[in-house]
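Asks: What follows is entry_13.csv; its format and atoms are CSV, C-alpha atoms and all ligand atoms.
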chain,number,residue,atom,x,y,z
P,3,MET,CA,83.0,106.9,81.5
P,4,SER,CA,84.2,108.4,84.7
P,5,THR,CA,87.7,109.6,85.2
P,6,LYS,CA,90.1,107.0,86.7
P,7,VAL,CA,92.5,108.2,89.4
P,8,ILE,CA,95.7,106.2,89.9
P,9,SER,CA,98.2,107.0,92.6
P,10,PHE,CA,101.8,105.8,92.5
P,11,VAL,CA,102.6,105.3,96.2
P,12,THR,CA,104.9,103.7,98.7
P,13,LEU,CA,106.3,104.7,102.1
P,14,LYS,CA,109.9,104.5,100.8
P,15,GLY,CA,111.7,107.0,98.6
P,16,GLY,CA,113.7,105.6,95.8
P,17,SER,CA,111.5,102.6,94.9
P,18,GLY,CA,110.6,104.1,91.5
P,19,LYS,CA,107.2,105.8,92.0
P,20,THR,CA,108.1,108.8,89.8
P,21,THR,CA,110.0,106.8,87.3
P,22,LEU,CA,107.2,104.3,86.9
P,23,LEU,CA,104.6,107.0,86.7
P,24,MET,CA,106.4,108.9,84.0
P,25,LEU,CA,107.2,105.9,81.9
P,26,THR,CA,103.5,104.8,82.1
P,27,ALA,CA,102.2,108.3,81.5
P,28,ALA,CA,104.3,108.8,78.3
P,29,ALA,CA,103.1,105.4,77.0
P,30,ILE,CA,99.4,106.3,77.7
P,31,HIS,CA,100.0,109.7,76.1
P,32,ASN,CA,101.6,108.2,72.9
P,33,ARG,CA,99.7,104.9,72.5
P,34,THR,CA,96.1,105.7,73.6
P,35,ASP,CA,93.6,108.5,73.0
P,36,LYS,CA,93.1,109.0,76.7
P,37,LYS,CA,93.4,112.5,78.1
P,38,LEU,CA,95.9,112.4,80.9
P,39,LEU,CA,96.7,114.7,83.7
P,40,VAL,CA,99.6,114.1,86.1
P,41,ILE,CA,99.2,115.7,89.5
P,42,ASP,CA,102.6,116.2,91.1
P,43,SER,CA,102.1,116.1,94.9
P,44,ASP,CA,105.7,115.6,95.8
P,45,PRO,CA,107.3,118.8,97.2
P,46,GLN,CA,110.4,117.8,95.1
P,47,LEU,CA,108.3,118.5,92.0
P,48,SER,CA,110.2,115.9,89.9
P,49,VAL,CA,107.5,115.6,87.2
P,50,LYS,CA,106.8,119.3,87.1
P,51,GLN,CA,110.5,120.1,86.7
P,52,ILE,CA,110.9,117.7,83.8
P,53,PHE,CA,107.8,119.2,82.2
P,54,LEU,CA,109.2,122.7,82.5
P,55,GLN,CA,112.7,121.6,81.3
P,56,GLU,CA,111.4,119.8,78.3
P,57,ASN,CA,108.9,122.6,77.4
P,58,ASN,CA,107.5,120.5,74.6
P,59,PRO,CA,104.0,121.2,73.3
P,60,LYS,CA,103.4,117.5,72.8
P,61,SER,CA,103.7,116.8,76.6
P,62,PHE,CA,100.9,115.4,78.7
P,63,ASP,CA,99.5,117.9,81.2
P,64,VAL,CA,101.1,118.3,84.6
P,65,PHE,CA,99.7,120.2,87.6
P,66,ALA,CA,101.7,120.7,90.8
P,67,ILE,CA,99.7,120.8,94.0
P,68,ASN,CA,100.9,123.0,96.8
P,69,TRP,CA,100.0,121.1,100.0
P,70,THR,CA,101.2,124.0,102.2
P,71,GLN,CA,98.0,126.0,101.3
P,72,PRO,CA,95.9,126.9,104.4
P,73,ASN,CA,93.1,124.6,103.3
P,74,PRO,CA,94.9,121.9,101.3
P,75,GLN,CA,92.1,119.3,101.3
P,76,GLU,CA,89.5,121.8,100.0
P,77,TYR,CA,92.0,123.0,97.3
P,78,PHE,CA,92.8,119.4,96.3
P,79,ASP,CA,89.1,118.5,96.0
P,80,LYS,CA,88.5,121.5,93.8
P,81,VAL,CA,91.5,120.7,91.5
P,82,LEU,CA,90.2,117.1,91.3
P,83,THR,CA,86.6,118.1,90.5
P,84,LEU,CA,87.8,120.4,87.7
P,85,ALA,CA,90.3,117.9,86.4
P,86,LYS,CA,87.7,115.1,86.2
P,87,ARG,CA,85.6,117.3,83.8
P,88,LYS,CA,88.5,117.5,81.4
P,89,TYR,CA,90.6,114.3,81.7
P,90,ASP,CA,89.9,110.6,81.3
P,91,LEU,CA,92.8,109.6,83.5
P,92,ILE,CA,94.6,111.2,86.5
P,93,PHE,CA,98.0,109.9,87.7
P,94,MET,CA,99.3,111.2,91.1
P,95,ASP,CA,102.9,111.2,92.0
P,96,LEU,CA,103.2,111.1,95.8
P,97,PRO,CA,106.1,111.8,98.2
P,98,PRO,CA,107.4,109.1,100.4
P,99,GLY,CA,105.9,109.3,103.9
P,100,ARG,CA,103.4,107.9,106.3
P,101,ILE,CA,99.9,107.0,105.2
P,102,THR,CA,98.6,109.5,107.8
P,103,ASP,CA,100.4,112.4,106.1
P,104,PRO,CA,97.6,114.6,104.6
P,105,THR,CA,99.1,114.5,101.1
P,106,ILE,CA,99.2,110.7,101.0
P,107,TYR,CA,96.0,110.2,102.9
P,108,TYR,CA,93.8,112.5,100.8
P,109,SER,CA,95.4,111.2,97.6
P,110,ILE,CA,94.8,107.6,98.4
P,111,MET,CA,91.2,108.4,99.5
P,112,ALA,CA,90.6,110.0,96.1
P,113,SER,CA,92.2,107.1,94.1
P,114,ASP,CA,90.6,104.1,92.4
P,115,ILE,CA,93.8,102.3,92.0
P,116,LEU,CA,97.2,102.3,93.7
P,117,ILE,CA,100.4,101.3,91.9
P,118,VAL,CA,103.0,100.3,94.5
P,119,PRO,CA,106.5,99.8,93.1
P,120,VAL,CA,108.4,97.2,95.1
P,121,VAL,CA,112.1,96.6,95.2
P,122,ALA,CA,113.3,93.2,96.4
P,123,SER,CA,115.3,94.2,99.4
P,124,GLN,CA,114.6,93.5,103.0
P,125,LEU,CA,114.2,97.2,103.8
P,126,ASP,CA,111.8,97.8,101.0
P,127,ILE,CA,109.8,94.7,101.8
P,128,ASN,CA,109.4,95.7,105.5
P,129,ALA,CA,108.3,99.2,104.5
P,130,THR,CA,105.9,98.0,102.0
P,131,THR,CA,104.4,95.5,104.4
P,132,ALA,CA,103.9,98.3,107.0
P,133,PHE,CA,102.2,100.4,104.3
P,134,LEU,CA,99.9,97.7,103.0
P,135,GLU,CA,98.9,96.7,106.5
P,136,GLN,CA,97.4,100.2,107.0
P,137,LEU,CA,95.2,100.0,103.9
P,138,PRO,CA,92.3,98.0,105.4
P,139,GLU,CA,91.6,100.9,107.9
P,140,LEU,CA,91.5,103.4,105.0
P,141,LYS,CA,89.3,101.1,103.0
P,142,LYS,CA,86.8,101.0,105.8
P,143,GLU,CA,86.4,104.8,105.5
P,144,ARG,CA,85.2,104.5,101.9
P,145,PRO,CA,83.1,101.3,101.9
P,146,LEU,CA,81.3,102.2,98.6
P,147,LYS,CA,84.4,103.0,96.6
P,148,PRO,CA,86.6,100.1,95.6
P,149,LEU,CA,90.4,100.5,95.9
P,150,GLU,CA,92.6,98.2,93.8
P,151,VAL,CA,96.2,97.8,94.9
P,152,PHE,CA,98.8,96.5,92.4
P,153,GLY,CA,102.5,95.9,93.2
P,154,VAL,CA,105.0,96.2,90.5
P,155,ILE,CA,108.4,94.7,91.0
P,156,ASN,CA,110.9,97.3,90.0
P,157,LYS,CA,114.7,97.2,89.6
P,158,GLN,CA,114.6,93.5,89.5
P,159,ASP,CA,118.0,91.7,89.6
P,160,GLN,CA,119.2,88.2,90.3
P,161,SER,CA,119.0,88.4,94.1
P,162,ILE,CA,117.0,85.8,96.0
P,163,GLU,CA,115.1,88.5,97.9
P,164,TYR,CA,112.7,88.4,94.9
P,165,LYS,CA,111.2,85.2,96.4
P,166,HIS,CA,110.1,87.0,99.6
P,167,LEU,CA,107.9,89.4,97.6
P,168,SER,CA,105.2,86.7,97.4
P,169,LYS,CA,104.7,87.2,101.1
P,170,LEU,CA,103.2,90.6,100.3
P,171,VAL,CA,100.4,89.2,98.2
P,172,GLY,CA,97.0,89.7,99.7
P,173,ILE,CA,98.1,92.2,102.4
P,174,GLY,CA,95.8,95.2,102.0
P,175,GLY,CA,94.4,93.5,98.9
P,176,LEU,CA,97.7,93.6,97.1
P,177,GLU,CA,98.0,91.8,93.8
P,178,ILE,CA,101.5,91.7,92.2
P,179,PHE,CA,101.9,92.1,88.4
P,180,TYR,CA,103.5,89.1,86.7
P,181,SER,CA,105.6,91.5,84.5
P,182,THR,CA,108.6,93.2,86.2
P,183,LEU,CA,110.9,96.0,85.4
P,184,SER,CA,114.7,95.3,85.6
P,185,ASN,CA,117.4,97.6,86.9
P,186,LEU,CA,118.3,99.3,83.7
P,187,VAL,CA,120.1,102.5,82.8
P,188,ARG,CA,117.5,103.4,80.2
P,189,TYR,CA,114.9,103.9,82.9
P,190,LYS,CA,117.2,106.4,84.7
P,191,ARG,CA,117.7,108.3,81.5
P,192,GLY,CA,114.5,107.9,79.6
P,193,VAL,CA,111.9,109.7,81.7
P,194,SER,CA,110.0,112.2,79.6
P,195,THR,CA,106.7,113.9,79.4
P,196,PHE,CA,106.3,113.2,75.7
P,197,LYS,CA,108.7,110.5,74.6
P,198,ASP,CA,107.8,106.8,74.8
P,199,ILE,CA,110.5,104.6,76.5
P,200,ALA,CA,110.0,101.7,74.1
P,201,ASN,CA,108.8,100.9,70.6
P,202,PRO,CA,105.3,99.7,71.1
P,203,ALA,CA,105.7,97.2,68.3
P,204,ASP,CA,108.5,95.3,70.1
P,205,ALA,CA,106.7,92.5,71.8
P,206,ASN,CA,109.9,91.3,73.6
P,207,ASP,CA,110.4,94.6,75.4
P,208,GLU,CA,109.8,94.2,79.1
P,209,PHE,CA,108.3,97.6,79.4
P,210,ASN,CA,105.7,96.8,76.7
P,211,ARG,CA,104.8,93.6,78.6
P,212,TYR,CA,104.4,95.7,81.8
P,213,PHE,CA,102.4,98.4,80.0
P,214,ASP,CA,100.0,95.8,78.4
P,215,GLU,CA,99.4,94.3,81.9
P,216,PHE,CA,98.9,97.8,83.3
P,217,ARG,CA,96.2,98.5,80.7
P,218,LEU,CA,94.5,95.1,81.2
P,219,LYS,CA,94.4,95.2,85.0
P,220,CYS,CA,93.5,98.9,85.2
P,221,PHE,CA,90.9,98.7,82.4
P,222,ILE,CA,92.4,101.4,80.3
F,301,LIG,N1,113.9,100.1,86.9
F,301,LIG,C1,114.9,101.0,87.2
F,301,LIG,N2,116.1,100.8,86.7
F,301,LIG,C2,117.1,101.6,87.1
F,301,LIG,N3,117.0,102.7,87.8
F,301,LIG,C3,115.8,103.0,88.3
F,301,LIG,C4,114.6,102.2,88.0
F,301,LIG,N4,113.5,102.7,88.6
F,301,LIG,C5,114.0,103.8,89.2
F,301,LIG,N5,115.3,104.0,89.1
F,301,LIG,C6,116.2,105.1,89.6
F,301,LIG,O1,116.0,105.0,91.0
F,301,LIG,C7,116.0,106.3,91.6
F,301,LIG,C8,114.8,106.5,92.4
F,301,LIG,O2,113.6,106.5,91.5
F,301,LIG,P1,112.4,107.4,91.7
F,301,LIG,O3,111.5,107.1,90.5
F,301,LIG,O4,112.8,108.8,91.9
F,301,LIG,O5,111.8,106.8,93.0
F,301,LIG,P2,110.7,107.5,94.0
F,301,LIG,O6,109.8,108.4,93.2
F,301,LIG,O7,110.0,106.3,94.6
F,301,LIG,O8,111.5,108.2,95.1
F,301,LIG,C9,116.2,107.3,90.4
F,301,LIG,O9,117.5,107.6,90.3
F,301,LIG,C10,115.7,106.5,89.2
F,301,LIG,O10,116.3,106.9,88.0
F,302,MG,MG,109.3,110.4,93.5
Since I need it in another form, could you write the structure as structure tokens?

Replies:
Amino acid sequence: MSTKVISFVTLKGGSGKTTLLMLTAAAIHNRTDKKLLVIDSDPQLSVKQIFLQENNPKSFDVFAINWTQPNPQEYFDKVLTLAKRKYDLIFMDLPPGRITDPTIYYSIMASDILIVPVVASQLDINATTAFLEQLPELKKERPLKPLEVFGVINKQDQSIEYKHLSKLVGIGGLEIFYSTLSNLVRYKRGVSTFKDIANPADANDEFNRYFDEFRLKCFI
């Protein structure tokens, strides 16, 4: 089977891209036999830093891309070609920014699936709408390669803004996961390159419900 490339992406910082990527990556690493590489394309290098701090031999692999290279696209393509020979799955952590930023543009073009964390606030909804509306143009540039786009409601609380999220469904092909992640301290503290955030046997854990849906929708 070919390697699946999944990018965690939104225009806004702080919506939970890195958190969601790391929680999902640790669960893939611990609960499946898939070989996983995380490509860190954010200049803040959040994933790479945790990888270096933890320095644990049981970590999943992390590779930081330097987008300030003279020929970033060529370099990125080479990294991906080599990575696809070795890994079943590639997750990409992206910086916030415009879809036309080379880092975001090339990463989306190389992806099979986009995971878009959405927070139920007016600002986040506006930024996500603007992002999703630009996707059809990008899709036209890759007519033979499908791009699936899944929204994941993150930091869910009791606010009514939650209801407005349904307006996003369908824009740029967005489908929203029925499972959501709440605003919980454990997600702030629990990111790790080798430790699972939840006990996989706990069927009532919201993270496990999200992870099962992730595997189902992404065919992993
Ligand atoms: N579900 C959540 N519950 C509580 N805090 C969260 C949750 N998701 C993310 N955070 C926190 O929100 C902040 C931004 O998350 P981060 O993953 O860095 O976002 P991004 O990568 O989109 O900029 C971090 O402090 C993180 O710990
Ligand atoms: Mg981030």

Asks: What's the 10 Å shell around region 38-40 of chain P, counting only C-alpha atoms, without same-chain residues fewer than 2 positions away, as an MDAnalysis selection string?

Replies: chainID P and resid 5:9 23:24 27:28 30:31 34:36 42:43 49:50 61:66 85:86 88:95 195

Asks: Can I get the residues close to ligand LIG 301 (chain F) as a ChimeraX atom specification, where close means within 7 Å and we count all atoms listed in the file?

Replies: /P:14-22,98,156-157,183-187,189-191

Asks: Centre and edge lengths, as AutoDock Vina command-line options, for the axis-aligned box enclosing every listed atom of region 190-208 of chain P with 6 Å of padding on each of the six sides, in Å to one decimal?

Replies:
--center_x 111.5 --center_y 102.6 --center_z 76.5 --size_x 24.4 --size_y 34.6 --size_z 28.4

Asks: Here is a test: counting only C-alpha atoms, which residue of P:Gly192, P:Gly153, P:Gly175, P:Pro148 is nearest to Phe216 (chain P)?

Replies: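 So, comparing all the options, the nearest one is P:Gly153.
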
Asks: Which polymer residues have any atom within 12 Å of an atom of Ile162 (chain P), counting all atoms listed in the file, with same-chain residues fewer than 3 positions away left out, as number ranges by chain?

Replies: P: 121-124, 158-159, 165-168

Asks: Can you write out the residues you just picked, keeping C-alpha atoms, as a PDB file, in the frame of the given file?

Replies:
ATOM      1  CA  VAL P 121     112.100  96.600  95.200  1.00  0.00           C
ATOM      2  CA  ALA P 122     113.300  93.200  96.400  1.00  0.00           C
ATOM      3  CA  SER P 123     115.300  94.200  99.400  1.00  0.00           C
ATOM      4  CA  GLN P 124     114.600  93.500 103.000  1.00  0.00           C
ATOM      5  CA  GLN P 158     114.600  93.500  89.500  1.00  0.00           C
ATOM      6  CA  ASP P 159     118.000  91.700  89.600  1.00  0.00           C
ATOM      7  CA  LYS P 165     111.200  85.200  96.400  1.00  0.00           C
ATOM      8  CA  HIS P 166     110.100  87.000  99.600  1.00  0.00           C
ATOM      9  CA  LEU P 167     107.900  89.400  97.600  1.00  0.00           C
ATOM     10  CA  SER P 168     105.200  86.700  97.400  1.00  0.00           C
TER      11      SER P 168
END

Asks: Looking at all atoms listed in the file, which of P:Thr83, P:Asn57, P:Gln75, P:Gln46 is the one that sits closest to Ile106 (chain P)?

Replies: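 Closest candidate: P:Gln75.
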
Asks: Could you tell me how far CA of Phe213 (chain P) lies from CA of Glu177 (chain P), in Å and to one decimal?

Replies: 15.9 Å

Asks: Could you give me, as a PyMOL selection string, the residues within 12 Å of Lys142 (chain P), counting all atoms listed in the file and dropping anything in the same chain fewer than 6 positions from it?

Replies: chain P and resi 111+136+148-149+174

Asks: Which is closer to Leu137 (chain P) than all the others in P:Leu84, P:Leu125, P:Val11, P:Ile222, using all atoms listed in the file?

Replies: P:Val11

Asks: Under the rule that only C-alpha atoms and all ligand atoms are counted, which of P:Leu96, P:Val154, P:Ala29, P:Ala132 is the nearest residue to ligand MG 302 (chain F)?

Replies: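 Of P:Leu96, P:Val154, P:Ala29, P:Ala132, the one nearest ligand MG 302 (chain F) is P:Leu96, counting only C-alpha atoms and all ligand atoms.
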
Asks: Considering only C-alpha atoms, state which residue in the set P:Glu143, P:Glu76, P:Asp44, P:Glu150 is at the smallest distance from Lys219 (chain P).

Replies: P:Glu150

Asks: Given only C-alpha atoms and all ligand atoms as the basis, pick out the residue of P:Gln51, P:Ser113, P:Tyr77, P:Asp103 nearest to ligand MG 302 (chain F).

Replies: P:Gln51

Asks: How many Å lie between CA of Phe179 (chain P) and CA of Phe152 (chain P), rounded to one decimal?

Replies: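 Computed distance, CA of Phe179 (chain P) to CA of Phe152 (chain P), equals 6.7 Å.
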
Asks: Using Å and a single decimal, report how far CA of Cys220 (chain P) sits from CA of Ala203 (chain P).

Replies: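 Answer for the CA of Ala203 (chain P) to CA of Cys220 (chain P) separation: 20.9 Å.
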